[in-house]
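Chemist: Compact mmCIF, C-alpha atoms, saved as data-v7.txt, coming up:
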# COMPACT_ATOMS: atom_id res chain seq x y z
CA MET Q 276 87.23 107.35 108.09
CA LYS Q 277 88.16 107.02 104.43
CA LEU Q 278 90.12 103.95 103.34
CA VAL Q 279 91.36 103.19 99.85
CA SER Q 280 92.95 100.16 98.26
CA TYR Q 281 94.87 100.54 95.01
CA ASN Q 282 96.98 98.15 92.97
CA THR Q 283 99.31 100.76 91.47
CA GLN Q 284 100.98 98.53 88.86
CA TYR Q 285 104.24 100.22 89.99
CA SER Q 286 102.74 103.52 88.72
CA LYS Q 287 102.34 102.38 85.10
CA GLY Q 288 99.15 104.00 83.81
CA LYS Q 289 96.72 103.07 81.07
CA ASP Q 290 98.75 105.31 78.74
CA GLY Q 291 101.89 103.26 79.45
CA ARG Q 292 103.50 106.15 81.30
CA TYR Q 293 105.07 105.72 84.76
CA ASP Q 294 103.78 108.49 87.01
CA LEU Q 295 103.89 108.27 90.79
CA GLU Q 296 102.51 111.81 91.16
CA ARG Q 297 99.36 110.68 89.38
CA ILE Q 298 99.04 107.83 91.87
CA ALA Q 299 99.48 110.20 94.82
CA LYS Q 300 96.86 112.62 93.44
CA THR Q 301 94.37 109.76 93.10
CA LEU Q 302 94.83 108.98 96.79
CA GLU Q 303 94.14 112.54 98.02
CA GLY Q 304 91.75 112.75 100.95
CA ALA Q 305 92.34 109.21 102.19
CA ASP Q 306 92.92 108.55 105.87
CA VAL Q 307 94.25 105.05 105.34
CA ILE Q 308 95.83 103.72 102.13
CA ALA Q 309 96.52 100.07 101.23
CA LEU Q 310 98.70 99.76 98.14
CA GLN Q 311 99.86 96.80 96.11
CA GLU Q 312 102.60 96.55 93.45
CA VAL Q 313 105.00 99.16 94.78
CA ASP Q 314 108.56 98.47 93.67
CA ARG Q 315 112.17 99.34 94.46
CA PHE Q 316 115.21 99.21 92.17
CA TRP Q 317 113.65 97.90 88.98
CA PRO Q 318 115.04 99.07 85.64
CA ARG Q 319 111.50 99.61 84.26
CA THR Q 320 110.88 102.31 86.89
CA GLY Q 321 114.33 103.85 86.65
CA MET Q 322 115.84 102.05 89.68
CA ILE Q 323 113.95 104.34 92.04
CA ASP Q 324 112.74 103.67 95.58
CA GLN Q 325 108.97 103.95 95.11
CA PRO Q 326 107.96 103.64 98.80
CA ALA Q 327 110.29 106.53 99.69
CA GLU Q 328 109.07 108.63 96.75
CA LEU Q 329 105.40 107.97 97.55
CA ALA Q 330 106.03 108.90 101.19
CA ALA Q 331 107.56 112.18 99.99
CA LEU Q 332 104.56 112.82 97.71
CA LEU Q 333 102.16 112.06 100.57
CA PRO Q 334 103.70 113.98 103.49
CA ASN Q 335 102.53 113.49 107.06
CA TYR Q 336 101.37 109.96 106.57
CA TYR Q 337 102.87 107.21 108.69
CA TRP Q 338 103.87 104.31 106.49
CA VAL Q 339 105.31 100.83 106.25
CA TYR Q 340 106.46 98.88 103.20
CA GLY Q 341 106.42 95.10 102.95
CA PRO Q 342 108.11 93.44 100.00
CA ALA Q 343 107.53 89.74 99.40
CA PHE Q 344 109.64 89.62 96.26
CA ASN Q 345 113.17 90.45 97.39
CA MET Q 346 116.14 89.85 95.09
CA ASP Q 347 119.67 91.12 94.74
CA ALA Q 348 120.12 94.37 92.82
CA SER Q 349 123.50 95.32 94.26
CA GLU Q 350 126.42 96.82 92.44
CA ALA Q 351 129.99 95.80 93.11
CA GLY Q 352 132.65 98.40 92.42
CA ALA Q 353 136.05 97.65 90.92
CA ASP Q 354 137.58 98.10 94.38
CA GLY Q 355 135.37 95.32 95.75
CA ALA Q 356 133.06 97.67 97.61
CA VAL Q 357 129.46 96.52 97.46
CA ILE Q 358 126.59 98.95 97.03
CA ASN Q 359 123.98 96.78 98.64
CA ARG Q 360 120.53 97.05 97.05
CA ARG Q 361 117.48 94.81 96.92
CA ARG Q 362 115.08 94.56 93.96
CA GLN Q 363 111.71 94.49 95.70
CA PHE Q 364 108.02 94.36 94.89
CA GLY Q 365 105.31 94.53 97.47
CA ASN Q 366 102.64 96.28 99.48
CA MET Q 367 102.54 99.55 101.38
CA ILE Q 368 100.26 100.96 104.05
CA LEU Q 369 100.00 104.71 104.71
CA SER Q 370 97.93 106.24 107.46
CA ARG Q 371 97.16 109.62 109.00
CA TRP Q 372 97.63 107.94 112.38
CA PRO Q 373 100.64 105.99 113.66
CA LEU Q 374 101.05 102.37 112.63
CA ILE Q 375 101.53 100.93 116.09
CA TRP Q 376 102.98 97.65 114.89
CA SER Q 377 103.40 95.92 111.60
CA ARG Q 378 104.11 92.44 110.30
CA LEU Q 379 104.93 91.08 106.87
CA HIS Q 380 103.49 87.76 105.74
CA VAL Q 381 105.18 86.20 102.74
CA LEU Q 382 102.30 84.10 101.47
CA PRO Q 383 102.72 80.41 100.62
CA LYS Q 384 103.67 79.96 96.98
CA LEU Q 385 103.62 77.06 94.54
CA SER Q 386 106.33 76.85 91.93
CA ASN Q 387 105.25 76.21 88.35
CA VAL Q 388 107.06 75.87 85.06
CA ASN Q 389 105.07 77.78 82.45
CA GLN Q 390 103.60 80.90 84.14
CA PHE Q 391 105.49 83.66 85.91
CA THR Q 392 104.79 83.51 89.62
CA MET Q 393 106.50 85.05 92.61
CA ASP Q 394 106.37 85.57 96.35
CA MET Q 395 103.24 87.56 97.25
CA PRO Q 396 102.75 89.71 100.35
CA ALA Q 397 100.17 90.38 103.02
CA LEU Q 398 101.27 93.40 105.03
CA GLU Q 399 99.59 93.74 108.42
CA ALA Q 400 99.50 96.86 110.58
CA VAL Q 401 97.56 98.15 113.56
CA ILE Q 402 96.47 101.75 113.11
CA ASP Q 403 96.23 104.05 116.10
CA ALA Q 404 92.93 105.52 114.89
CA PRO Q 405 90.99 108.07 116.98
CA SER Q 406 88.13 105.55 117.31
CA GLY Q 407 90.52 102.88 118.63
CA PRO Q 408 93.04 100.46 117.17
CA LEU Q 409 92.24 99.07 113.74
CA ARG Q 410 94.02 96.04 112.29
CA LEU Q 411 94.49 96.31 108.53
CA LEU Q 412 96.04 93.93 106.02
CA SER Q 413 97.10 95.03 102.53
CA ILE Q 414 96.90 91.79 100.55
CA HIS Q 415 97.96 90.69 97.09
CA LEU Q 416 97.12 87.13 96.12
CA SER Q 417 98.76 85.21 93.29
CA SER Q 418 97.50 85.79 89.77
CA VAL Q 419 98.32 82.28 88.58
CA SER Q 420 95.76 79.81 89.86
CA SER Q 421 92.89 79.28 92.23
CA ARG Q 422 94.79 76.36 93.74
CA GLU Q 423 97.62 78.66 94.82
CA ARG Q 424 95.24 81.44 95.95
CA MET Q 425 93.22 79.02 98.10
CA ILE Q 426 96.40 77.98 99.93
CA GLN Q 427 97.07 81.70 100.52
CA VAL Q 428 93.49 82.37 101.70
CA ASP Q 429 93.67 79.36 104.04
CA TYR Q 430 96.94 80.71 105.47
CA LEU Q 431 95.42 84.16 106.05
CA LEU Q 432 92.23 82.75 107.60
CA GLY Q 433 94.37 80.57 109.87
CA ARG Q 434 96.30 83.61 111.05
CA HIS Q 435 92.99 85.45 111.47
CA ASP Q 436 91.57 82.61 113.61
CA GLY Q 437 94.75 82.59 115.68
CA ALA Q 438 94.90 86.38 116.16
CA PRO Q 439 93.65 86.43 119.78
CA ALA Q 440 96.31 83.92 120.87
CA ASN Q 441 98.93 85.56 118.66
CA GLY Q 442 98.64 89.18 119.81
CA GLY Q 443 100.74 92.10 118.56
CA ALA Q 444 104.45 92.77 118.21
CA TRP Q 445 105.02 92.10 121.90
CA ALA Q 446 103.11 91.04 124.97
CA GLY Q 447 103.60 90.41 128.68
CA ILE Q 448 105.64 92.43 131.16
CA SER Q 449 109.27 93.39 130.69
CA ASN Q 450 111.32 92.27 133.70
CA ILE Q 451 113.91 94.96 132.93
CA ARG Q 452 113.23 98.49 134.17
CA GLY Q 453 114.44 101.90 133.07
CA ASP Q 454 116.23 102.71 129.81
CA GLU Q 455 116.82 99.04 129.08
CA SER Q 456 113.16 98.13 129.39
CA TRP Q 457 111.81 96.25 126.38
CA SER Q 458 108.40 97.83 126.86
CA LEU Q 459 109.88 101.37 127.00
CA GLY Q 460 107.35 101.99 129.75
CA ALA Q 461 104.36 101.39 127.50
CA PRO Q 462 101.58 98.83 127.96
CA PRO Q 463 101.47 95.92 125.48
CA PRO Q 464 100.33 97.12 122.04
CA GLU Q 465 96.75 96.39 121.14
CA ALA Q 466 96.00 93.61 118.68
CA PRO Q 467 92.31 93.59 117.80
CA SER Q 468 90.77 90.29 116.72
CA GLU Q 469 88.70 92.17 114.15
CA ALA Q 470 90.45 93.03 110.92
CA ILE Q 471 90.06 94.81 107.59
CA TRP Q 472 91.46 93.08 104.51
CA MET Q 473 92.06 95.30 101.49
CA GLY Q 474 93.80 94.52 98.28
CA ASP Q 475 94.01 92.71 94.99
CA PHE Q 476 92.67 89.19 95.48
CA ASN Q 477 93.08 88.29 91.78
CA SER Q 478 89.76 86.43 91.94
CA GLU Q 479 86.10 87.23 91.38
CA PRO Q 480 83.03 86.85 93.60
CA SER Q 481 82.10 83.68 91.70
CA GLY Q 482 85.30 81.96 92.84
CA PRO Q 483 86.10 79.75 95.82
CA GLU Q 484 88.36 82.45 97.32
CA TYR Q 485 85.40 84.81 97.84
CA ASP Q 486 83.30 81.96 99.30
CA ALA Q 487 86.06 81.12 101.78
CA ILE Q 488 86.34 84.74 102.92
CA VAL Q 489 82.69 85.84 103.12
CA GLY Q 490 80.93 82.47 103.38
CA LEU Q 491 78.92 80.34 100.96
CA LYS Q 492 75.79 81.71 99.40
CA GLY Q 493 72.78 79.86 100.82
CA ARG Q 494 69.45 79.52 99.03
CA LEU Q 495 67.52 80.90 102.00
CA TYR Q 496 69.77 83.47 103.66
CA GLY Q 497 72.36 84.39 101.06
CA ARG Q 498 75.84 84.84 102.50
CA VAL Q 499 75.61 84.61 106.28
CA HIS Q 500 78.17 86.80 108.04
CA PHE Q 501 79.76 84.40 110.50
CA ALA Q 502 81.58 86.16 113.34
CA ASP Q 503 84.92 84.59 112.49
CA ARG Q 504 84.73 85.49 108.80
CA PHE Q 505 84.38 88.64 106.70
CA ALA Q 506 81.78 90.79 105.00
CA ASP Q 507 82.32 92.43 101.62
CA ALA Q 508 82.27 96.19 102.33
CA TRP Q 509 80.99 96.83 98.81
CA VAL Q 510 77.89 94.71 99.56
CA CYS Q 511 77.53 96.20 103.08
CA ALA Q 512 77.25 99.60 101.36
CA GLY Q 513 74.26 98.36 99.35
CA ASN Q 514 75.85 97.15 96.14
CA ASP Q 515 75.51 93.86 94.29
CA GLU Q 516 78.53 91.61 94.69
CA ALA Q 517 78.77 91.07 90.93
CA SER Q 518 79.06 94.82 90.26
CA GLY Q 519 81.95 97.13 91.10
CA THR Q 520 84.52 95.88 88.62
CA THR Q 521 88.04 97.12 89.26
CA MET Q 522 89.83 96.04 86.09
CA HIS Q 523 88.51 97.38 82.84
CA PHE Q 524 89.29 96.10 79.35
CA GLU Q 525 87.49 98.71 77.21
CA GLY Q 526 85.22 96.10 75.68
CA THR Q 527 87.98 93.73 74.54
CA LYS Q 528 86.89 91.24 77.24
CA PRO Q 529 84.61 91.30 80.29
CA ASP Q 530 85.63 93.67 83.07
CA ARG Q 531 86.69 91.94 86.27
CA ARG Q 532 86.17 92.55 89.97
CA LEU Q 533 89.51 91.73 91.62
CA ASP Q 534 90.02 94.40 94.28
CA TYR Q 535 88.11 94.34 97.56
CA CYS Q 536 87.69 95.62 101.04
CA PHE Q 537 86.60 92.85 103.41
CA VAL Q 538 85.72 93.72 107.00
CA SER Q 539 85.38 91.39 109.97
CA ALA Q 540 81.69 90.48 110.26
CA ALA Q 541 81.43 92.51 113.47
CA LEU Q 542 82.45 95.64 111.52
CA ALA Q 543 79.89 95.08 108.72
CA GLY Q 544 77.52 97.63 110.26
CA CYS Q 545 80.28 100.27 110.34
CA VAL Q 546 80.52 100.54 106.56
CA SER Q 547 78.78 103.72 105.41
CA SER Q 548 79.77 103.86 101.75
CA ALA Q 549 81.91 102.27 99.06
CA ARG Q 550 82.88 103.32 95.58
CA VAL Q 551 85.18 102.36 92.75
CA ASP Q 552 87.10 105.30 91.29
CA THR Q 553 86.41 104.58 87.61
CA ASP Q 554 88.25 107.73 86.46
CA ALA Q 555 91.71 106.85 87.79
CA GLN Q 556 94.19 106.36 84.95
CA GLY Q 557 97.36 105.63 86.91
CA SER Q 558 97.28 101.83 86.83
CA ASP Q 559 95.58 98.86 85.17
CA HIS Q 560 93.41 98.54 88.32
CA GLN Q 561 90.90 101.02 89.78
CA PRO Q 562 91.05 102.20 93.39
CA VAL Q 563 88.38 100.97 95.82
CA TRP Q 564 87.25 103.54 98.41
CA VAL Q 565 85.37 102.61 101.57
CA GLU Q 566 84.09 104.82 104.34
CA ILE Q 567 83.68 103.28 107.76
CA GLU Q 568 82.60 104.66 111.11
CA PRO Q 569 84.17 102.27 113.58
CA MET X 437 133.39 78.32 103.29
CA LYS X 438 133.26 79.82 106.76
CA LEU X 439 129.85 80.46 108.28
CA VAL X 440 129.14 82.09 111.60
CA SER X 441 126.01 82.61 113.66
CA TYR X 442 126.00 85.24 116.40
CA ASN X 443 123.26 86.58 118.65
CA ILE X 444 124.78 90.00 119.19
CA GLN X 445 122.36 91.26 121.91
CA TYR X 446 122.11 94.52 119.89
CA SER X 447 125.87 94.96 120.48
CA LYS X 448 125.66 95.05 124.29
CA GLY X 449 128.77 93.31 125.63
CA ARG X 450 129.56 91.52 128.88
CA ASP X 451 130.86 94.85 130.19
CA GLY X 452 127.47 96.45 129.53
CA ARG X 453 128.95 98.62 126.78
CA TYR X 454 127.28 98.93 123.35
CA ASP X 455 129.96 98.41 120.71
CA LEU X 456 129.16 97.42 117.14
CA GLU X 457 132.81 97.63 116.09
CA ARG X 458 133.60 94.87 118.57
CA ILE X 459 130.87 92.77 116.94
CA ALA X 460 132.31 93.44 113.48
CA ASP X 461 135.80 92.49 114.72
CA SER X 462 134.43 89.17 116.01
CA LEU X 463 133.07 88.36 112.57
CA GLN X 464 136.31 88.93 110.66
CA GLY X 465 137.15 86.21 108.17
CA ALA X 466 133.61 84.91 107.79
CA ASP X 467 132.16 84.24 104.34
CA VAL X 468 128.57 84.03 105.51
CA ILE X 469 127.19 85.63 108.67
CA ALA X 470 123.84 84.95 110.34
CA LEU X 471 123.05 87.50 113.05
CA GLN X 472 120.22 87.75 115.53
CA GLU X 473 119.10 90.70 117.70
CA VAL X 474 120.05 93.51 115.37
CA GLU X 475 117.94 96.61 115.90
CA ARG X 476 116.89 100.00 114.62
CA ASN X 477 115.66 103.09 116.51
CA TRP X 478 115.82 101.88 120.11
CA PRO X 479 116.71 104.37 122.86
CA HIS X 480 119.13 101.92 124.54
CA SER X 481 121.29 101.83 121.41
CA GLY X 482 121.02 105.56 120.77
CA MET X 483 118.26 105.35 118.12
CA THR X 484 120.84 104.09 115.64
CA ASP X 485 120.29 102.01 112.50
CA GLN X 486 122.37 98.94 113.38
CA PRO X 487 121.95 97.08 110.05
CA ALA X 488 123.23 100.18 108.21
CA LEU X 489 126.09 100.65 110.68
CA LEU X 490 127.09 96.99 110.41
CA GLU X 491 126.98 97.21 106.61
CA ALA X 492 129.35 100.19 106.80
CA LEU X 493 131.64 98.33 109.20
CA MET X 494 131.76 95.31 106.89
CA PRO X 495 132.31 96.66 103.38
CA GLY X 496 132.36 94.13 100.58
CA TYR X 497 129.51 92.08 102.05
CA TYR X 498 126.05 91.74 100.60
CA ALA X 499 123.51 92.22 103.36
CA ILE X 500 119.84 91.79 104.14
CA TYR X 501 117.92 92.65 107.29
CA GLY X 502 114.65 91.05 108.40
CA PRO X 503 112.89 92.49 111.41
CA GLY X 504 110.33 90.32 113.21
CA PHE X 505 109.50 93.11 115.63
CA ASP X 506 108.30 96.29 113.91
CA MET X 507 106.69 99.18 115.80
CA ASP X 508 106.15 102.89 115.36
CA ALA X 509 109.06 105.13 116.39
CA SER X 510 108.06 108.19 114.37
CA GLU X 511 108.44 111.77 115.48
CA ILE X 512 105.87 114.46 114.98
CA SER X 513 106.91 118.09 115.22
CA ASN X 514 104.82 120.86 116.77
CA ASP X 515 103.70 121.97 113.29
CA GLY X 516 102.49 118.45 112.46
CA VAL X 517 105.34 117.23 110.27
CA VAL X 518 105.75 113.47 110.57
CA THR X 519 109.22 111.92 110.47
CA ASN X 520 108.37 108.29 109.80
CA ARG X 521 110.55 105.78 111.65
CA ARG X 522 110.15 102.14 112.70
CA ARG X 523 111.50 100.58 115.88
CA GLN X 524 112.75 97.20 114.72
CA PHE X 525 114.46 94.10 116.06
CA GLY X 526 115.49 91.15 113.97
CA ASN X 527 117.95 89.11 112.04
CA MET X 528 120.55 89.91 109.44
CA ILE X 529 122.44 87.87 106.85
CA LEU X 530 125.71 89.05 105.33
CA ALA X 531 127.62 87.20 102.63
CA ARG X 532 130.69 87.67 100.47
CA TRP X 533 128.50 86.61 97.54
CA PRO X 534 125.20 88.06 96.35
CA LEU X 535 122.06 87.04 98.23
CA ILE X 536 120.06 85.97 95.20
CA TRP X 537 116.70 86.07 96.91
CA SER X 538 115.44 86.50 100.41
CA ARG X 539 112.26 86.00 102.41
CA VAL X 540 111.16 87.01 105.90
CA TYR X 541 109.16 84.57 108.00
CA SER X 542 107.08 86.13 110.69
CA LEU X 543 106.98 83.14 113.04
CA PRO X 544 103.80 82.15 114.87
CA ARG X 545 103.85 83.52 118.38
CA LEU X 546 101.69 83.01 121.45
CA LYS X 547 100.60 86.04 123.43
CA THR X 548 101.59 85.90 127.09
CA VAL X 549 100.30 87.92 129.98
CA ASP X 550 103.20 87.83 132.41
CA GLN X 551 106.44 87.12 130.54
CA TYR X 552 107.77 89.57 127.96
CA GLU X 553 107.77 87.98 124.53
CA ILE X 554 108.53 89.50 121.18
CA ARG X 555 108.15 88.20 117.71
CA ALA X 556 111.18 86.24 116.64
CA CYS X 557 111.86 85.82 112.97
CA PRO X 558 114.41 84.35 110.62
CA PRO X 559 115.19 85.84 107.23
CA SER X 560 116.28 83.01 105.00
CA LYS X 561 117.95 82.65 101.66
CA PRO X 562 119.03 79.83 99.43
CA LEU X 563 122.75 79.35 99.44
CA SER X 564 124.33 78.74 96.10
CA THR X 565 127.97 78.51 95.20
CA ARG X 566 128.35 78.91 91.47
CA PRO X 567 128.97 76.91 89.39
CA GLY X 568 126.94 73.83 90.10
CA PRO X 569 123.48 72.89 91.24
CA ARG X 570 122.00 74.37 94.36
CA CYS X 571 122.48 72.30 97.46
CA GLY X 572 118.97 71.85 98.80
CA SER X 573 120.02 71.08 102.34
CA CYS X 574 121.87 74.38 102.54
CA ARG X 575 118.61 76.24 102.51
CA SER X 576 117.70 75.29 106.04
CA ILE X 577 121.13 75.72 107.56
CA SER X 578 121.57 79.14 106.03
CA ALA X 579 118.56 80.57 107.84
CA ALA X 580 119.38 82.92 110.66
CA SER X 581 116.73 81.69 113.01
CA HIS X 582 115.82 82.87 116.43
CA ALA X 583 113.53 80.75 118.53
CA ALA X 584 111.38 82.30 121.23
CA SER X 585 112.83 82.26 124.73
CA ALA X 586 109.67 82.01 126.84
Spit out the file's structure as structure tokens when you get a sec.
Modeler:
Amino acid sequence: MKLVSYNTQYSKGKDGRYDLERIAKTLEGADVIALQEVDRFWPRTGMIDQPAELAALLPNYYWVYGPAFNMDASEAGADGAVINRRRQFGNMILSRWPLIWSRLHVLPKLSNVNQFTMDMPALEAVIDAPSGPLRLLSIHLSSVSSRERMIQVDYLLGRHDGAPANGGAWAGISNIRGDESWSLGAPPPEAPSEAIWMGDFNSEPSGPEYDAIVGLKGRLYGRVHFADRFADAWVCAGNDEASGTTMHFEGTKPDRRLDYCFVSAALAGCVSSARVDTDAQGSDHQPVWVEIEP
Amino acid sequence: MKLVSYNIQYSKGRDGRYDLERIADSLQGADVIALQEVERNWPHSGMTDQPALLEALMPGYYAIYGPGFDMDASEISNDGVVTNRRRQFGNMILARWPLIWSRVYSLPRLKTVDQYEIRACPPSKPLSTRPGPRCGSCRSISAASHAASA
């Protein structure tokens, strides 16, 4: 199963050109796609609906879109009629298999006065994969400060710890039968405790965010994969955690590793390969590809 | 300013009839409307898009929809073409004035084994009447919230 995470920078490439087709081509061959920075109704991208356009460019994928940033972009006509529109910015998940249920987390945010900051999303979905249900989160942490990111990581780890008690979109038994049944005759949707986190974490392996997610590096045993925490798929595939940069500056400053695929520790052995697509030109980030055999 | 909160039971009335126009009639004269139990793509309401239908029934309002419950309702044809659709259930806010920003909270929920329980969620927005400073306390009362029933 091929998974890819890509911060698309709303399709703005290294050449400054906006090109969603280029983004879609880069994603060819993926079974599961976790995107960040997909926008709707922004002047810079011609007021288009990028999730809808990407879905059209990538036919036969199931998809969900989760905006955290959600502002008014409506137009009011002279006759008082409102054309209701929202200016949005957020994450998207596409999959060859149905997305059984989905949930948007608007991550905790700290307001500041001198750096642009905004609501950031973690979009969660359970994929009806042939090997069984797979719970994926497409995550985009704040770019502003480690303080803010650590609050966001703590929130996500808290939800991860609480996943067994939390369950999926619904649970229990509907006491209404027939057409009116809430369950529509189906059993409760699966909600695996294990999860895959993909996305732009805006932080490097040397930071506290990485330590919180994959565990502290010990002198004797390195990073121990505790069952309730994550493994870095890039490292599981045999790479050094300091390699695999995903944001390149062409020598003007050091390249950075910001984009990751983390898998629940129990899935660490399922990772068969990982690579960074260093050729992709469609964004200021590079896509991260991971193959797993769950 | 007239505000109204209404759990519309996805438009199912006391007579068992589904009627969104009746819901819209009940909301006439409101400046700000906080709705709960608005749905999309459920068989019992004819696979309709209730937020879109309500928007059309209430022209001149700004509207946002925030589903807490979000499941697959896609169709796949014999030749493999996917029509992507989500079965949703959630809250809606309508206002005579623009909804400057909005945020969905996916509330914590406990999984049950015997009693049906779905994810309840409130979309919220800050309420601001220009000109003048924003009234902080309005933020909490403007949320269309829906607490779990179990």
Chemist: Got a sec: who's within 10 Å of Met346 of chain Q, counting only C-alpha atoms, leaving out chain neighbours fewer than 4 positions off, as an mmCIF file with C-alpha atoms, in the coordinates of the input?
Modeler:
data_model
loop_
_atom_site.group_PDB
_atom_site.id
_atom_site.type_symbol
_atom_site.label_atom_id
_atom_site.label_comp_id
_atom_site.auth_asym_id
_atom_site.auth_seq_id
_atom_site.Cartn_x
_atom_site.Cartn_y
_atom_site.Cartn_z
ATOM 1 C CA PHE Q 316 115.210 99.210 92.170
ATOM 2 C CA ARG Q 360 120.530 97.050 97.050
ATOM 3 C CA ARG Q 361 117.480 94.810 96.920
ATOM 4 C CA ARG Q 362 115.080 94.560 93.960
ATOM 5 C CA GLN Q 363 111.710 94.490 95.700
ATOM 6 C CA PHE Q 364 108.020 94.360 94.890
ATOM 7 C CA ILE X 500 119.840 91.790 104.140
ATOM 8 C CA PRO X 534 125.200 88.060 96.350
ATOM 9 C CA LEU X 535 122.060 87.040 98.230
ATOM 10 C CA ILE X 536 120.060 85.970 95.200
ATOM 11 C CA TRP X 537 116.700 86.070 96.910
ATOM 12 C CA SER X 538 115.440 86.500 100.410
ATOM 13 C CA ARG X 539 112.260 86.000 102.410
ATOM 14 C CA LYS X 561 117.950 82.650 101.660
#
Chemist: Here's a test: counting all atoms listed in the file, identify every protein, DNA and RNA residue with an atom at most 8 Å from (119.2, 90.8, 109.0) in the file's coordinate frame, and state them as a ChimeraX atom specification.
Modeler: /X:470-472,474,487,499-503,526-530,559
Chemist: Measure the distance from atom CA of Pro467 of chain Q to atom CA of Leu491 of chain Q in Å and round it to one decimal.
Modeler: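 Rounded to one decimal, the two atoms are 25.3 Å apart.
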Chemist: Could you list, as an MDAnalysis selection string, every residue of chain Q that has an atom within 7 Å of an atom of chain X, counting only C-alpha atoms?
Modeler: chainID Q and resid 335:338 343 345:347 355:357 359 373:381 440:442 444:449 454:455
Chemist: Could you check which of X:Leu456, X:Asp467, X:Ala531, X:Asn443 is closest to Thr484 of chain X, using all atoms listed in the file?
Modeler: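 That would be X:Leu456, the residue with the smallest distance to Thr484 of chain X.
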Chemist: Of the candidates Q:Glu312, Q:Ala461, Q:Asp354, Q:Ile471, which shows the shortest atom-to-atom distance to Asp394 of chain Q, using only C-alpha atoms?
Modeler: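 Of the candidates, the smallest distance to Asp394 of chain Q is held by Q:Glu312.
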Chemist: Using Å and a single decimal, report how far atom CA of Leu463 of chain X sits from atom CA of Val440 of chain X.
Modeler: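 If I compute the distance from atom CA of Val440 of chain X to atom CA of Leu463 of chain X, I get 7.5 Å.
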Chemist: Quick one: 5 Å padding each side, axis-aligned, all listed atoms of segment 521-540 of chain X - centre and edge lengths in Å to one decimal, as JSON?
Modeler:
{"center_x": 120.4, "center_y": 95.9, "center_z": 105.6, "size_x": 30.5, "size_y": 29.8, "size_z": 30.9}
Chemist: Which residues are close to Gln561 of chain Q, i.e. within 8 Å by only C-alpha atoms, leaving aside same-chain residues fewer than 5 positions away? Reply as a ChimeraX atom specification.
Modeler: /Q:281-282,521-522,551-556
Chemist: Please compute the atom CA of Ala506 of chain Q-atom CA of Gly433 of chain Q distance, one decimal, in Å.
Modeler: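 Between these atoms lies a distance of 16.9 Å.
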Chemist: Counting only C-alpha atoms, figure out which residue out of X:Leu439, X:Ala488, X:Leu493, X:Ile444 gets nearest to Arg476 of chain X.
Modeler: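 For Arg476 of chain X, the nearest of the given residues is X:Ala488.
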Chemist: Compare Q:Ser456, Q:Leu332, Q:Leu431, Q:Ala353 by their minimum atom-to-atom distance to Lys300 of chain Q, counting only C-alpha atoms, and give me the closest one.
Modeler: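 Closest residue, counting only C-alpha atoms: Q:Leu332.
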Chemist: When you look at Ala305 of chain Q with a cut-off of 8 Å (counting all atoms listed in the file), what residues show up, excluding the ones that are within fewer than 4 positions of it in the same chain? I need them as an NGL selection string.
Modeler: :Q and (277-279)
Chemist: Please, could you write that set of residues out with C-alpha atoms as a short mmCIF file (atom, residue, chain, number, x, y, z; two decimals), in the coordinates of the input?
Modeler:
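Contents of selection-v6.cif, as written:
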data_model
loop_
_atom_site.label_atom_id
_atom_site.label_comp_id
_atom_site.auth_asym_id
_atom_site.auth_seq_id
_atom_site.Cartn_x
_atom_site.Cartn_y
_atom_site.Cartn_z
CA LYS Q 277 88.16 107.02 104.43
CA LEU Q 278 90.12 103.95 103.34
CA VAL Q 279 91.36 103.19 99.85
#
Chemist: Which residue is closest to Trp509 of chain Q? Choose from Q:Val307, Q:Leu302, Q:Leu409, Q:Ala543 and count all atoms listed in the file.
Modeler: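 Checking each of Q:Val307, Q:Leu302, Q:Leu409, Q:Ala543 against Trp509 of chain Q, counting all atoms listed in the file, the winner is Q:Ala543.
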Chemist: The residues within 12 Å of (105.7, 89.5, 89.9), using only C-alpha atoms and the coordinates of the file, should be reported as a PyMOL selection string; which are they?
Modeler: chain Q and resi 284-285+311-314+317+342-346+362-365+390-396+415-419
